[in-house]
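Q: My questions will all concern the structure given below.
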Amino acid sequence: MIALIYAHPHPARSRANRVLLEAARTVPSVIVRSLYDRYPDFEIDVEAERKLLIESRLIVWQHPCMWYSAPALQKLWFDTVLTEGWAIGEGGTALVGKSCLWVTTTGATSEGYSPEGTHRFPFTAFAPALEMTARFCGMHWLPPQVVHGAHLIDEATLQQQAAQYRQRLLAFAAEDEHG
């Protein structure tokens with residue numbers, strides 16, 4: 001099973017994340033957990049989240065990149081679900097050996113993540129916090145999928161990104177199925 005942890009505070013306004021999510025939902029082994037739909041009060045059901053993670057071989061974090069990081073509810077999810085003794089530290093082995101895929105969108109184009117661009121650094125400079133969250137939990141970090149210029153991207157390019165995402169999930173599911 002693939003657990004897709006989706007965190008978008010304004011999903012109705014996001015064309016890119018909506019298209020990506022729709023593509024992922026077509027993969028039979030994907031279970032979508034939409035954090036903002038499920039926890040509008042920010043009261044996360046830790047046991048339900050952990051059960052989903054334990055049953056999954058791949059954990060996907062899909063969200064827009066906001067202030068160079070994850071949205072608030074995704075961060076709270078990390079803080080409350082991936083705790084000492086369960087996901088990290090002594091006895092914290094629940095996620096060891098699972099794979100993690102980060103799928104994110106940005107408002108800026110890829111050129112915005114350059115020394116001359118608005119953000120001055122390559123996008124990879126903002127990825128270590130997410131990568132190390134996965135690695136600290138003993139997960140295998142897969143190359144992320146980043147869709148730049150989410151509100152600017154043309155439909156053909158967005159559909160190509162969605163197809164690539166779906167294919168990655170299908171390949172993982174097939175690999176998992178055949179051991």
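We label chains A, B, ... in the order they appear in the structure tokens, count residues from 1 in each chain, and number ligands from 1 in the order shown.
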If you run DSSP on this backbone, which residues of region 1-156 of chain A come out as strand (DSSP E or B), and could you give them as a PDB file with N, CA and C atoms, in the first residue's frame?
A:
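Ended up saving to part-v8.pdb:
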ATOM      1  N   ILE A   2       0.355   2.303  -0.569  1.00  0.00           N
ATOM      2  CA  ILE A   2       1.034   3.596  -0.636  1.00  0.00           C
ATOM      3  C   ILE A   2       0.193   4.609   0.120  1.00  0.00           C
ATOM      4  N   ALA A   3       0.782   5.230   1.135  1.00  0.00           N
ATOM      5  CA  ALA A   3       0.100   6.272   1.910  1.00  0.00           C
ATOM      6  C   ALA A   3       0.484   7.622   1.336  1.00  0.00           C
ATOM      7  N   LEU A   4      -0.501   8.362   0.846  1.00  0.00           N
ATOM      8  CA  LEU A   4      -0.250   9.688   0.303  1.00  0.00           C
ATOM      9  C   LEU A   4      -0.793  10.700   1.316  1.00  0.00           C
ATOM     10  N   ILE A   5       0.121  11.371   1.986  1.00  0.00           N
ATOM     11  CA  ILE A   5      -0.236  12.380   2.980  1.00  0.00           C
ATOM     12  C   ILE A   5      -0.287  13.716   2.247  1.00  0.00           C
ATOM     13  N   TYR A   6      -1.506  14.203   2.031  1.00  0.00           N
ATOM     14  CA  TYR A   6      -1.743  15.397   1.229  1.00  0.00           C
ATOM     15  C   TYR A   6      -2.062  16.569   2.153  1.00  0.00           C
ATOM     16  N   VAL A  30      -2.989   3.289  -3.772  1.00  0.00           N
ATOM     17  CA  VAL A  30      -2.782   4.571  -3.093  1.00  0.00           C
ATOM     18  C   VAL A  30      -3.962   4.888  -2.171  1.00  0.00           C
ATOM     19  N   ILE A  31      -3.645   5.176  -0.927  1.00  0.00           N
ATOM     20  CA  ILE A  31      -4.627   5.659   0.043  1.00  0.00           C
ATOM     21  C   ILE A  31      -4.291   7.117   0.313  1.00  0.00           C
ATOM     22  N   VAL A  32      -5.222   8.023  -0.010  1.00  0.00           N
ATOM     23  CA  VAL A  32      -4.991   9.450   0.181  1.00  0.00           C
ATOM     24  C   VAL A  32      -5.502   9.867   1.547  1.00  0.00           C
ATOM     25  N   ARG A  33      -4.632  10.542   2.281  1.00  0.00           N
ATOM     26  CA  ARG A  33      -5.012  11.131   3.567  1.00  0.00           C
ATOM     27  C   ARG A  33      -4.885  12.640   3.396  1.00  0.00           C
ATOM     28  N   SER A  34      -6.012  13.321   3.188  1.00  0.00           N
ATOM     29  CA  SER A  34      -6.028  14.761   3.010  1.00  0.00           C
ATOM     30  C   SER A  34      -6.111  15.419   4.387  1.00  0.00           C
ATOM     31  N   LEU A  58       5.351   2.675   0.916  1.00  0.00           N
ATOM     32  CA  LEU A  58       5.776   3.972   0.407  1.00  0.00           C
ATOM     33  C   LEU A  58       4.918   5.038   1.071  1.00  0.00           C
ATOM     34  N   ILE A  59       5.577   6.079   1.551  1.00  0.00           N
ATOM     35  CA  ILE A  59       4.887   7.211   2.146  1.00  0.00           C
ATOM     36  C   ILE A  59       5.197   8.422   1.275  1.00  0.00           C
ATOM     37  N   VAL A  60       4.143   9.043   0.772  1.00  0.00           N
ATOM     38  CA  VAL A  60       4.281  10.214  -0.098  1.00  0.00           C
ATOM     39  C   VAL A  60       3.823  11.438   0.680  1.00  0.00           C
ATOM     40  N   TRP A  61       4.635  12.474   0.662  1.00  0.00           N
ATOM     41  CA  TRP A  61       4.246  13.766   1.236  1.00  0.00           C
ATOM     42  C   TRP A  61       4.004  14.700   0.068  1.00  0.00           C
ATOM     43  N   GLN A  62       2.746  15.022  -0.183  1.00  0.00           N
ATOM     44  CA  GLN A  62       2.421  15.934  -1.279  1.00  0.00           C
ATOM     45  C   GLN A  62       1.823  17.212  -0.709  1.00  0.00           C
ATOM     46  N   HIS A  63       2.432  18.328  -1.075  1.00  0.00           N
ATOM     47  CA  HIS A  63       1.948  19.634  -0.608  1.00  0.00           C
ATOM     48  C   HIS A  63       2.652  20.744  -1.367  1.00  0.00           C
ATOM     49  N   PRO A  64       2.095  21.939  -1.307  1.00  0.00           N
ATOM     50  CA  PRO A  64       2.817  23.075  -1.880  1.00  0.00           C
ATOM     51  C   PRO A  64       3.968  23.453  -0.953  1.00  0.00           C
ATOM     52  N   MET A  66       5.600  26.029   1.056  1.00  0.00           N
ATOM     53  CA  MET A  66       5.152  27.300   1.619  1.00  0.00           C
ATOM     54  C   MET A  66       6.225  27.814   2.571  1.00  0.00           C
ATOM     55  N   SER A  69       9.097  25.441   3.102  1.00  0.00           N
ATOM     56  CA  SER A  69       8.876  24.264   3.922  1.00  0.00           C
ATOM     57  C   SER A  69       7.494  23.673   3.632  1.00  0.00           C
ATOM     58  N   GLU A  84       9.334  10.371  19.244  1.00  0.00           N
ATOM     59  CA  GLU A  84      10.339   9.574  19.952  1.00  0.00           C
ATOM     60  C   GLU A  84       9.696   8.272  20.436  1.00  0.00           C
ATOM     61  N   ILE A  88      11.345   7.578  15.844  1.00  0.00           N
ATOM     62  CA  ILE A  88      12.741   7.979  16.053  1.00  0.00           C
ATOM     63  C   ILE A  88      13.186   7.578  17.450  1.00  0.00           C
ATOM     64  N   SER A  99       9.909   3.550   2.139  1.00  0.00           N
ATOM     65  CA  SER A  99      10.378   4.574   1.212  1.00  0.00           C
ATOM     66  C   SER A  99       9.537   5.831   1.371  1.00  0.00           C
ATOM     67  N   CYS A 100      10.160   6.973   1.056  1.00  0.00           N
ATOM     68  CA  CYS A 100       9.481   8.260   1.170  1.00  0.00           C
ATOM     69  C   CYS A 100       9.698   9.060  -0.111  1.00  0.00           C
ATOM     70  N   LEU A 101       8.601   9.577  -0.640  1.00  0.00           N
ATOM     71  CA  LEU A 101       8.633  10.405  -1.837  1.00  0.00           C
ATOM     72  C   LEU A 101       8.006  11.748  -1.514  1.00  0.00           C
ATOM     73  N   TRP A 102       8.730  12.808  -1.793  1.00  0.00           N
ATOM     74  CA  TRP A 102       8.225  14.170  -1.600  1.00  0.00           C
ATOM     75  C   TRP A 102       7.784  14.711  -2.948  1.00  0.00           C
ATOM     76  N   VAL A 103       6.523  15.111  -3.030  1.00  0.00           N
ATOM     77  CA  VAL A 103       5.969  15.715  -4.244  1.00  0.00           C
ATOM     78  C   VAL A 103       5.491  17.099  -3.838  1.00  0.00           C
ATOM     79  N   THR A 104       6.082  18.120  -4.448  1.00  0.00           N
ATOM     80  CA  THR A 104       5.767  19.478  -4.034  1.00  0.00           C
ATOM     81  C   THR A 104       5.644  20.405  -5.229  1.00  0.00           C
ATOM     82  N   THR A 105       4.934  21.488  -5.011  1.00  0.00           N
ATOM     83  CA  THR A 105       4.776  22.517  -6.027  1.00  0.00           C
ATOM     84  C   THR A 105       5.320  23.828  -5.475  1.00  0.00           C
ATOM     85  N   HIS A 140      13.930   5.351   3.284  1.00  0.00           N
ATOM     86  CA  HIS A 140      14.709   5.563   2.069  1.00  0.00           C
ATOM     87  C   HIS A 140      14.132   6.782   1.363  1.00  0.00           C
ATOM     88  N   TRP A 141      14.949   7.799   1.149  1.00  0.00           N
ATOM     89  CA  TRP A 141      14.522   9.037   0.492  1.00  0.00           C
ATOM     90  C   TRP A 141      14.624   8.865  -1.006  1.00  0.00           C
ATOM     91  N   GLN A 145       9.774  14.929  -6.543  1.00  0.00           N
ATOM     92  CA  GLN A 145       9.185  15.476  -7.766  1.00  0.00           C
ATOM     93  C   GLN A 145       8.716  16.886  -7.437  1.00  0.00           C
ATOM     94  N   VAL A 146       9.302  17.848  -8.117  1.00  0.00           N
ATOM     95  CA  VAL A 146       9.011  19.258  -7.867  1.00  0.00           C
ATOM     96  C   VAL A 146       8.391  19.859  -9.123  1.00  0.00           C
ATOM     97  N   VAL A 147       7.228  20.462  -8.962  1.00  0.00           N
ATOM     98  CA  VAL A 147       6.557  21.141 -10.062  1.00  0.00           C
ATOM     99  C   VAL A 147       6.682  22.641  -9.797  1.00  0.00           C
TER     100      VAL A 147
END
Q: Can you pull out every residue from chain A that DSSP, working from the backbone, puts in alpha helix (DSSP H), and format the result as a VMD selection string?
A: chain A and resid 15 to 25 35 to 38 46 to 55 72 to 81 128 to 136 155 to 177
Q: If you measure from CA of Pro28 (chain A) to CA of Leu52 (chain A), what distance in Å do you get, rounded to one decimal?
A: 15.4 Å
Q: Could you list, as a list in words, every residue within 12 Å of Trp67 (chain A), counting only C-alpha atoms and ignoring same-chain residues fewer than 6 positions away?
A: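 The neighbour list is Thr105, Thr106, Gly107, Ala108, His119 and Phe126 of chain A.
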Q: For all heavy atoms, I'd like the residues from the last selection saved as a PDB file, in the first residue's frame.
A:
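Result file is again-v4.pdb:
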ATOM      1  N   THR A 105       4.934  21.488  -5.011  1.00  0.00           N
ATOM      2  CA  THR A 105       4.776  22.517  -6.027  1.00  0.00           C
ATOM      3  C   THR A 105       5.320  23.828  -5.475  1.00  0.00           C
ATOM      4  O   THR A 105       5.327  24.050  -4.266  1.00  0.00           O
ATOM      5  CB  THR A 105       3.292  22.697  -6.410  1.00  0.00           C
ATOM      6  OG1 THR A 105       2.546  23.047  -5.239  1.00  0.00           O
ATOM      7  CG2 THR A 105       2.721  21.434  -7.030  1.00  0.00           C
ATOM      8  N   THR A 106       5.778  24.668  -6.395  1.00  0.00           N
ATOM      9  CA  THR A 106       6.260  25.992  -5.995  1.00  0.00           C
ATOM     10  C   THR A 106       5.542  27.044  -6.830  1.00  0.00           C
ATOM     11  O   THR A 106       5.063  26.766  -7.933  1.00  0.00           O
ATOM     12  CB  THR A 106       7.780  26.153  -6.226  1.00  0.00           C
ATOM     13  OG1 THR A 106       8.041  26.203  -7.632  1.00  0.00           O
ATOM     14  CG2 THR A 106       8.566  25.023  -5.580  1.00  0.00           C
ATOM     15  N   GLY A 107       5.492  28.247  -6.309  1.00  0.00           N
ATOM     16  CA  GLY A 107       4.911  29.354  -7.060  1.00  0.00           C
ATOM     17  C   GLY A 107       5.891  29.915  -8.069  1.00  0.00           C
ATOM     18  O   GLY A 107       5.507  30.411  -9.124  1.00  0.00           O
ATOM     19  N   ALA A 108       7.158  29.818  -7.755  1.00  0.00           N
ATOM     20  CA  ALA A 108       8.197  30.368  -8.636  1.00  0.00           C
ATOM     21  C   ALA A 108       8.593  29.358  -9.704  1.00  0.00           C
ATOM     22  O   ALA A 108       8.510  28.150  -9.495  1.00  0.00           O
ATOM     23  CB  ALA A 108       9.427  30.753  -7.826  1.00  0.00           C
ATOM     24  N   HIS A 119      14.639  33.735  -5.204  1.00  0.00           N
ATOM     25  CA  HIS A 119      14.943  32.943  -4.006  1.00  0.00           C
ATOM     26  C   HIS A 119      16.436  32.717  -3.773  1.00  0.00           C
ATOM     27  O   HIS A 119      16.815  32.122  -2.782  1.00  0.00           O
ATOM     28  CB  HIS A 119      14.174  31.624  -4.054  1.00  0.00           C
ATOM     29  CG  HIS A 119      12.710  31.848  -4.202  1.00  0.00           C
ATOM     30  ND1 HIS A 119      11.924  32.324  -3.179  1.00  0.00           N
ATOM     31  CD2 HIS A 119      11.889  31.718  -5.277  1.00  0.00           C
ATOM     32  CE1 HIS A 119      10.682  32.460  -3.603  1.00  0.00           C
ATOM     33  NE2 HIS A 119      10.635  32.096  -4.871  1.00  0.00           N
ATOM     34  N   PHE A 126      16.486  23.971  -0.177  1.00  0.00           N
ATOM     35  CA  PHE A 126      15.351  23.999   0.743  1.00  0.00           C
ATOM     36  C   PHE A 126      14.817  22.598   1.064  1.00  0.00           C
ATOM     37  O   PHE A 126      13.897  22.452   1.854  1.00  0.00           O
ATOM     38  CB  PHE A 126      14.236  24.880   0.175  1.00  0.00           C
ATOM     39  CG  PHE A 126      14.717  26.266  -0.136  1.00  0.00           C
ATOM     40  CD1 PHE A 126      14.935  26.665  -1.446  1.00  0.00           C
ATOM     41  CD2 PHE A 126      15.001  27.168   0.876  1.00  0.00           C
ATOM     42  CE1 PHE A 126      15.400  27.938  -1.744  1.00  0.00           C
ATOM     43  CE2 PHE A 126      15.475  28.444   0.596  1.00  0.00           C
ATOM     44  CZ  PHE A 126      15.674  28.827  -0.713  1.00  0.00           C
TER      45      PHE A 126
END
Q: Between A:Tyr36, A:Phe42, A:Trp77, A:Trp86, which one has atoms that come closest to Gly138 (chain A), using only C-alpha atoms?
A: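 Of all the options, A:Trp86 lies closest to Gly138 (chain A).
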Q: Considering only C-alpha atoms, state which residue in the set A:Leu20, A:Leu95, A:Arg13, A:Ala150 is at the smallest distance from Leu53 (chain A).
A: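 Among A:Leu20, A:Leu95, A:Arg13, A:Ala150, it is A:Leu95 that comes nearest to Leu53 (chain A).
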Q: So that I can check the surroundings of Ala174 (chain A), please list as a PyMOL selection string every protein, DNA and RNA residue that reaches within 12 Å of it, counting only C-alpha atoms and ignoring chain neighbours fewer than 5 positions away.
A: chain A and resi 1-2+27-29+57+167-169+179
Q: Just the number, please: distance in Å from CA of Leu170 (chain A) to CA of Ala24 (chain A), one decimal.
A: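 Separation of CA of Leu170 (chain A) and CA of Ala24 (chain A): 9.0 Å.
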Q: Which is closest to Arg135 (chain A) among A:Gly97, A:Gly112, A:Gly85, A:Pro40, if we use only C-alpha atoms?
A: A:Gly97
Q: My list of candidates is A:Cys65, A:Ile44, A:Thr133, A:Thr83. Which is closest to Asn17 (chain A) when distances are computed with only C-alpha atoms?
A: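 Checking each of A:Cys65, A:Ile44, A:Thr133, A:Thr83 against Asn17 (chain A), counting only C-alpha atoms, the winner is A:Cys65.
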Q: Kindly indicate which residue among A:Arg25, A:Glu43, A:Glu55, A:Ala70 lies nearest to Pro9 (chain A), using only C-alpha atoms for the distances.
A: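 Among A:Arg25, A:Glu43, A:Glu55, A:Ala70, it is A:Ala70 that comes nearest to Pro9 (chain A).
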Q: Restricting the calculation to only C-alpha atoms, which member of A:Ala72, A:Pro115, A:Pro144, A:Pro11 is positioned closest to Tyr165 (chain A)?
A: A:Pro144
